[in-house]
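Below you'll find the structure, written out as structure tokens, and then a few comments.
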Amino acid sequence: MLLSTGGQLTGKVREVDSKKTPYVLVQVDQELSVAIAKANSRMIVGDEKLNEYRRQVVEAGQDGQAHYELATWCRKNNLLQQRKYHLIRTIDLLPDHPNARAALGYTKRDGKWILTEVWRRNQGLVKDRKGQWVLPEVVAWRENADVNDKTAKRWIKTVKQLLSKILRGDAEAMVELKAINDPLASRAIAKELIDSQKRGSSWRPVRMVWLQKLMEFRTGAAVEAIVKTGLLESDDVIREEALRWLQSNEPSSAIATYMPWLKSNNPQQVKAAARALSFFPNSESAFAYIDALITIEERTQQVGGGSRAGFDNTGGGGFSQGSKQVVVKKPHRHPEVLQLLRSIAPDVDFGYDKSAWKNYFAQLRSPPRSDLRRDS
């Protein structure tokens with residue numbers, strides 16, 4: 001029997017299923033039996049397998065390759081300690097055996113065999129929690145990230161507690177909220193700002209504090225929340241405050257988020273995008289604006305109804321349902337997009353005529369033609 005500690009006992013084995021602690025009883029000889037907790041026994045090897053192992057040991061003798069093949073046999077039969085022994089015997093007899101060296105954790109560097117672990121450490125690497133070799137800085141960064149994540153989660157609870165107090169009229173809680181200066185609170189504050197978008201104007205003071213805090217922190221989570229606020233916020237005051245900040249600080253993040261919404265089939269999304277993009281007018285985006293002047297909303301709806309009688313060629317008859325689902329296309333004009341176009345072309349107004357707008361901007365972008373006529 002093989003033990004979890006690495007040793008082994010030889011003898012007649014009997015498993016005892018005790019209610020308290022199951023154990024294995026090994027009768028070493030006629031006078032001595034040893035009880036081992038089942039949890040400490042790794043596996044029981046039968047006489048047949050042991051006899052086969054002993055036979056192969058004798059045959060291996062001083063043959064290095066035979067010891068390697070025996071190590072492979074031991075691995076297949078879960079004789080792991082014996083496997084390691086025969087791998088060591090292999091490299092004792094054949095020092096450059098590549099497979100045995102690799103199995104024992106060696107690598108060849110500059111013509112010499114060295115334990116991979118030693119080589120990695122000589123390179124200044126350390127093992128992380130998953131057993132991978134990385135730079136110490138990576139381990140430190142991950143540990144710091146774990147600490148930061150725990151801190152950020154604690155802020156979620158703290159911010160909720162402060163909000164609860166503020167809603168009960170606790171003036172000191174508002175002071176505490178304004179005093180937060182830890183950027184790790186960004187995630188918690190951003191969540192509250194976004195989740196409260198449908199609250200009434202009475203929430204504006206505390207929501208404005210959240211917005212100001214995110215502007216101060218300017219973390220990834222903070223900028224993402226401000227960009228969303230500029231697009232989806234129903235409170236004009238808060239939305240425009242977010243957009244004005246984005247104008248000066250993160251215009252590229254805002255534009256990259258808002259432009260794809262102009263292609264939406266949802267008219268409300270197009271409206272929201274054009275409204276937000278009015279803070280970032282760009283003549284280079286003229287043709288995208290033009291395409292969004294009129295969008296087509298597609299809806300699936302049931303049409304028809306009732307039943308109708310019918311007869312087949314054999315004279316048989318029956319009733320069939322007359323309703324079916326169809327896709328209905330409804331055009332939507334977007335005055336917000338038209339206003340966006342007017343902001344980049346204040347001297348013209350072609351209304352919702354897409355072709356006229358495209359011709360106008362195409363002419364602006366066309367290079368002037370050279371006068372090829374010559375004086376006679």
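Residues in the structure tokens are named by chain (A, B, ... in the order shown) and by number from 1 within that chain; ligands are numbered from 1 in the order shown.
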Report as JSON lines: every residue of segment 242-280 of chain A with an atom at most 7 Å from segment 220-230 of chain A, its closest pair of atoms, and their distance in Å to one decimal, counting only C-alpha atoms, with rows sorted by chain and ascending residue number.
```
{"residue": "A:Ala242", "atom": "CA", "partner": "A:Gly230", "partner_atom": "CA", "distance": 5.4}
{"residue": "A:Leu243", "atom": "CA", "partner": "A:Gly230", "partner_atom": "CA", "distance": 5.2}
{"residue": "A:Ala254", "atom": "CA", "partner": "A:Val227", "partner_atom": "CA", "distance": 5.6}
{"residue": "A:Ala276", "atom": "CA", "partner": "A:Gly230", "partner_atom": "CA", "distance": 6.2}
```
Could you give me, as an MDAnalysis selection string, each residue of segment 81-313 of chain A that DSSP assigns to alpha helix (DSSP H) when run on this structure's backbone? chainID A and resid 81:93 98:103 116:122 136:167 171:179 186:195 204:217 220:232 236:249 251:258 267:277 286:291
Which residues of segment 212-269 of chain A sit at most 9 Å from segment 285-298 of chain A, using only C-alpha atoms? Give each one's shortest atom pair and distance in Å (one decimal place), in chain and ascending residue order, as JSON lines.
```
{"residue": "A:Met259", "atom": "CA", "partner": "A:Ala288", "partner_atom": "CA", "distance": 8.2}
{"residue": "A:Leu262", "atom": "CA", "partner": "A:Ala292", "partner_atom": "CA", "distance": 5.8}
{"residue": "A:Lys263", "atom": "CA", "partner": "A:Ala292", "partner_atom": "CA", "distance": 6.6}
{"residue": "A:Ser264", "atom": "CA", "partner": "A:Thr295", "partner_atom": "CA", "distance": 8.0}
{"residue": "A:Asn265", "atom": "CA", "partner": "A:Glu297", "partner_atom": "CA", "distance": 5.0}
{"residue": "A:Asn266", "atom": "CA", "partner": "A:Glu297", "partner_atom": "CA", "distance": 6.2}
{"residue": "A:Pro267", "atom": "CA", "partner": "A:Glu297", "partner_atom": "CA", "distance": 7.1}
```
Can you spit out the residues from that selection as a PDB file, in the first residue's frame, using N, CA, C and O atoms?
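File produced: again.pdb:
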```
ATOM      1  N   MET A 259     -21.166  57.907 -31.886  1.00  0.00           N
ATOM      2  CA  MET A 259     -21.333  57.805 -33.337  1.00  0.00           C
ATOM      3  C   MET A 259     -22.060  56.526 -33.779  1.00  0.00           C
ATOM      4  O   MET A 259     -22.956  56.598 -34.636  1.00  0.00           O
ATOM      5  N   LEU A 262     -25.924  56.520 -34.104  1.00  0.00           N
ATOM      6  CA  LEU A 262     -26.621  57.166 -35.223  1.00  0.00           C
ATOM      7  C   LEU A 262     -27.141  56.141 -36.230  1.00  0.00           C
ATOM      8  O   LEU A 262     -28.048  56.432 -37.007  1.00  0.00           O
ATOM      9  N   LYS A 263     -26.565  54.942 -36.235  1.00  0.00           N
ATOM     10  CA  LYS A 263     -26.978  53.904 -37.180  1.00  0.00           C
ATOM     11  C   LYS A 263     -28.102  53.024 -36.635  1.00  0.00           C
ATOM     12  O   LYS A 263     -28.529  52.083 -37.296  1.00  0.00           O
ATOM     13  N   SER A 264     -28.564  53.323 -35.448  1.00  0.00           N
ATOM     14  CA  SER A 264     -29.578  52.480 -34.802  1.00  0.00           C
ATOM     15  C   SER A 264     -30.923  52.562 -35.536  1.00  0.00           C
ATOM     16  O   SER A 264     -31.270  53.590 -36.125  1.00  0.00           O
ATOM     17  N   ASN A 265     -31.683  51.452 -35.485  1.00  0.00           N
ATOM     18  CA  ASN A 265     -33.054  51.447 -36.006  1.00  0.00           C
ATOM     19  C   ASN A 265     -34.040  52.014 -34.990  1.00  0.00           C
ATOM     20  O   ASN A 265     -35.218  52.203 -35.306  1.00  0.00           O
ATOM     21  N   ASN A 266     -33.543  52.244 -33.776  1.00  0.00           N
ATOM     22  CA  ASN A 266     -34.381  52.789 -32.718  1.00  0.00           C
ATOM     23  C   ASN A 266     -34.318  54.314 -32.768  1.00  0.00           C
ATOM     24  O   ASN A 266     -33.261  54.913 -32.545  1.00  0.00           O
ATOM     25  N   PRO A 267     -35.423  54.986 -33.077  1.00  0.00           N
ATOM     26  CA  PRO A 267     -35.390  56.456 -33.218  1.00  0.00           C
ATOM     27  C   PRO A 267     -34.969  57.170 -31.950  1.00  0.00           C
ATOM     28  O   PRO A 267     -34.355  58.243 -32.013  1.00  0.00           O
TER      29      PRO A 267
END
```
Might you pull out every residue within 6 Å of segment 115-125 of chain A, with only C-alpha atoms counted and same-chain residues fewer than 4 positions away left off, and present them as a list of chain:residue names?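 The residues that qualify are A:Gly105, A:Tyr106, A:Thr107, A:Trp133, A:Val134, A:Leu135.
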Using DSSP secondary structure from the backbone, list all strand (DSSP E) positions within segment 43-247 of chain A, as a list in words.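 Output for segment 43-247 of chain A, strand (DSSP E) only: Met43, Tyr106, Thr107, Lys108, Arg109, Lys112, Trp113, Ile114, Leu115, Val126, Lys127, Trp133 and Val134 of chain A.
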Take atom CA of Arg204 of chain A and atom CA of Asp182 of chain A and report the distance between them in Å, one decimal. 22.4 Å
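Distance-wise, atom CA of Tyr352 of chain A and atom CA of His334 of chain A end up 8.6 Å apart.
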Rounded to one decimal, what separation in Å do you get between atom CA of Pro281 of chain A and atom CA of Asp236 of chain A?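 Taking atom CA of Pro281 of chain A as the start and atom CA of Asp236 of chain A as the end point, the length is 19.0 Å.
Nearest-residue note for Ala188 of chain A: choosing from A:Arg342, A:Lys76, A:Arg207, A:Arg154, the minimum distance belongs to A:Arg154, counting only C-alpha atoms.
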For Leu70 of chain A, find every residue with an atom within 10 Å (counting only C-alpha atoms), except residues of its own chain fewer than 4 positions away, and show them as JSON, numbers by chain. {"A": [53, 56, 57, 59, 60, 64, 65, 66, 74, 75, 76, 82, 83, 86, 87, 90]}
Selected residues written out with N, CA and C atoms, as a PDB file, in the first residue's frame:
```pdb
ATOM      1  N   TYR A  53       6.484  -5.347 -11.383  1.00  0.00           N
ATOM      2  CA  TYR A  53       7.451  -4.276 -11.183  1.00  0.00           C
ATOM      3  C   TYR A  53       8.817  -4.867 -10.814  1.00  0.00           C
ATOM      4  N   GLN A  56      10.598  -6.334 -13.784  1.00  0.00           N
ATOM      5  CA  GLN A  56      11.182  -5.363 -14.691  1.00  0.00           C
ATOM      6  C   GLN A  56      12.410  -4.685 -14.096  1.00  0.00           C
ATOM      7  N   VAL A  57      12.441  -4.530 -12.772  1.00  0.00           N
ATOM      8  CA  VAL A  57      13.621  -3.946 -12.115  1.00  0.00           C
ATOM      9  C   VAL A  57      14.845  -4.820 -12.370  1.00  0.00           C
ATOM     10  N   GLU A  59      15.277  -6.949 -14.829  1.00  0.00           N
ATOM     11  CA  GLU A  59      15.622  -6.930 -16.244  1.00  0.00           C
ATOM     12  C   GLU A  59      16.315  -5.633 -16.641  1.00  0.00           C
ATOM     13  N   ALA A  60      15.966  -4.530 -15.973  1.00  0.00           N
ATOM     14  CA  ALA A  60      16.563  -3.246 -16.332  1.00  0.00           C
ATOM     15  C   ALA A  60      18.060  -3.217 -16.074  1.00  0.00           C
ATOM     16  N   GLY A  64      20.198   2.166 -19.111  1.00  0.00           N
ATOM     17  CA  GLY A  64      19.539   3.449 -18.856  1.00  0.00           C
ATOM     18  C   GLY A  64      18.189   3.579 -19.557  1.00  0.00           C
ATOM     19  N   GLN A  65      18.119   3.173 -20.828  1.00  0.00           N
ATOM     20  CA  GLN A  65      16.864   3.276 -21.566  1.00  0.00           C
ATOM     21  C   GLN A  65      15.804   2.364 -20.958  1.00  0.00           C
ATOM     22  N   ALA A  66      16.221   1.200 -20.467  1.00  0.00           N
ATOM     23  CA  ALA A  66      15.271   0.287 -19.826  1.00  0.00           C
ATOM     24  C   ALA A  66      14.702   0.915 -18.556  1.00  0.00           C
ATOM     25  N   CYS A  74       5.762   2.838 -14.610  1.00  0.00           N
ATOM     26  CA  CYS A  74       5.378   3.216 -13.242  1.00  0.00           C
ATOM     27  C   CYS A  74       4.368   4.365 -13.253  1.00  0.00           C
ATOM     28  N   ARG A  75       4.572   5.314 -14.157  1.00  0.00           N
ATOM     29  CA  ARG A  75       3.629   6.435 -14.232  1.00  0.00           C
ATOM     30  C   ARG A  75       2.243   5.943 -14.619  1.00  0.00           C
ATOM     31  N   LYS A  76       2.160   5.044 -15.579  1.00  0.00           N
ATOM     32  CA  LYS A  76       0.874   4.509 -16.018  1.00  0.00           C
ATOM     33  C   LYS A  76       0.192   3.720 -14.920  1.00  0.00           C
ATOM     34  N   GLN A  82       8.381   5.321  -7.383  1.00  0.00           N
ATOM     35  CA  GLN A  82       9.232   4.431  -8.154  1.00  0.00           C
ATOM     36  C   GLN A  82       9.584   5.049  -9.495  1.00  0.00           C
ATOM     37  N   ARG A  83       8.630   5.781 -10.088  1.00  0.00           N
ATOM     38  CA  ARG A  83       8.894   6.443 -11.365  1.00  0.00           C
ATOM     39  C   ARG A  83      10.051   7.432 -11.220  1.00  0.00           C
ATOM     40  N   HIS A  86      13.446   5.726 -11.035  1.00  0.00           N
ATOM     41  CA  HIS A  86      13.976   5.199 -12.293  1.00  0.00           C
ATOM     42  C   HIS A  86      14.345   6.310 -13.272  1.00  0.00           C
ATOM     43  N   LEU A  87      13.707   7.467 -13.161  1.00  0.00           N
ATOM     44  CA  LEU A  87      14.143   8.602 -13.973  1.00  0.00           C
ATOM     45  C   LEU A  87      15.536   9.054 -13.539  1.00  0.00           C
ATOM     46  N   THR A  90      18.007   6.682 -14.797  1.00  0.00           N
ATOM     47  CA  THR A  90      18.213   6.871 -16.230  1.00  0.00           C
ATOM     48  C   THR A  90      19.303   7.897 -16.489  1.00  0.00           C
TER      49      THR A  90
END
```
Hey, which of A:Ala71, A:Ile189, A:Thr219, A:Leu184 ends up closest to Val159 of chain A? Count only C-alpha atoms.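 Residue with the minimum atom-to-atom distance to Val159 of chain A: A:Ile189.
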Would you kindly return, as a PyMOL selection string, each protein, DNA or RNA residue with an atom no farther than 12 Å from any atom of Met174 of chain A, considering only C-alpha atoms and excluding same-chain residues fewer than 2 positions away? chain A and resi 159+161-172+176-180+205-210
Please produce a file of those selected residues containing N, CA, C and O atoms, as a compact mmCIF listing (two decimals), in the first residue's frame.
```txt
# COMPACT_ATOMS: atom_id res chain seq x y z
N VAL A 159 -20.81 53.69 0.19
CA VAL A 159 -21.58 54.69 -0.56
C VAL A 159 -23.08 54.46 -0.37
O VAL A 159 -23.86 55.40 -0.23
N GLN A 161 -24.51 53.15 2.22
CA GLN A 161 -24.85 53.58 3.57
C GLN A 161 -24.97 55.11 3.65
O GLN A 161 -25.90 55.63 4.28
N LEU A 162 -24.04 55.81 3.00
CA LEU A 162 -24.10 57.27 2.99
C LEU A 162 -25.37 57.76 2.29
O LEU A 162 -26.04 58.68 2.76
N LEU A 163 -25.72 57.12 1.17
CA LEU A 163 -26.92 57.51 0.45
C LEU A 163 -28.16 57.32 1.31
O LEU A 163 -29.06 58.17 1.33
N SER A 164 -28.21 56.21 2.02
CA SER A 164 -29.35 55.94 2.88
C SER A 164 -29.50 57.03 3.94
O SER A 164 -30.61 57.50 4.23
N LYS A 165 -28.38 57.46 4.49
CA LYS A 165 -28.41 58.52 5.51
C LYS A 165 -28.85 59.85 4.89
O LYS A 165 -29.61 60.62 5.50
N ILE A 166 -28.33 60.15 3.69
CA ILE A 166 -28.67 61.41 3.03
C ILE A 166 -30.17 61.48 2.77
O ILE A 166 -30.81 62.52 2.95
N LEU A 167 -30.75 60.36 2.34
CA LEU A 167 -32.18 60.33 2.05
C LEU A 167 -33.03 60.50 3.30
O LEU A 167 -34.20 60.88 3.22
N ARG A 168 -32.41 60.23 4.45
CA ARG A 168 -33.12 60.44 5.72
C ARG A 168 -32.88 61.85 6.25
O ARG A 168 -33.29 62.18 7.34
N GLY A 169 -32.16 62.67 5.47
CA GLY A 169 -31.93 64.06 5.87
C GLY A 169 -30.69 64.29 6.70
O GLY A 169 -30.55 65.34 7.34
N ASP A 170 -29.75 63.35 6.70
CA ASP A 170 -28.53 63.48 7.49
C ASP A 170 -27.55 64.38 6.75
O ASP A 170 -26.93 63.99 5.74
N ALA A 171 -27.36 65.60 7.20
CA ALA A 171 -26.49 66.58 6.54
C ALA A 171 -25.02 66.15 6.60
O ALA A 171 -24.24 66.42 5.67
N GLU A 172 -24.62 65.50 7.70
CA GLU A 172 -23.23 65.09 7.85
C GLU A 172 -22.85 64.03 6.80
O GLU A 172 -21.71 63.98 6.35
N GLU A 176 -19.70 63.90 4.25
CA GLU A 176 -18.81 62.74 4.08
C GLU A 176 -18.70 62.34 2.62
O GLU A 176 -17.62 61.99 2.13
N LEU A 177 -19.83 62.38 1.92
CA LEU A 177 -19.83 62.02 0.51
C LEU A 177 -18.93 62.97 -0.29
O LEU A 177 -18.12 62.54 -1.12
N LYS A 178 -19.05 64.25 -0.02
CA LYS A 178 -18.24 65.24 -0.73
C LYS A 178 -16.76 65.11 -0.39
O LYS A 178 -15.90 65.53 -1.17
N ALA A 179 -16.46 64.56 0.78
CA ALA A 179 -15.07 64.46 1.23
C ALA A 179 -14.35 63.23 0.68
O ALA A 179 -13.14 63.09 0.87
N ILE A 180 -15.04 62.32 0.03
CA ILE A 180 -14.40 61.11 -0.51
C ILE A 180 -13.34 61.53 -1.52
O ILE A 180 -13.60 62.28 -2.46
N PRO A 205 -29.18 67.15 -6.41
CA PRO A 205 -28.01 67.57 -5.63
C PRO A 205 -27.02 66.45 -5.35
O PRO A 205 -25.82 66.63 -5.55
N VAL A 206 -27.53 65.29 -4.90
CA VAL A 206 -26.60 64.20 -4.59
C VAL A 206 -26.02 63.60 -5.88
O VAL A 206 -24.84 63.23 -5.93
N ARG A 207 -26.82 63.55 -6.94
CA ARG A 207 -26.31 63.01 -8.20
C ARG A 207 -25.26 63.94 -8.81
O ARG A 207 -24.31 63.49 -9.45
N MET A 208 -25.41 65.22 -8.60
CA MET A 208 -24.42 66.16 -9.09
C MET A 208 -23.10 65.98 -8.33
O MET A 208 -22.02 66.12 -8.91
N VAL A 209 -23.20 65.66 -7.04
CA VAL A 209 -21.98 65.38 -6.26
C VAL A 209 -21.29 64.15 -6.83
O VAL A 209 -20.06 64.13 -6.99
N TRP A 210 -22.07 63.11 -7.14
CA TRP A 210 -21.48 61.90 -7.73
C TRP A 210 -20.76 62.24 -9.03
O TRP A 210 -19.64 61.79 -9.26
```
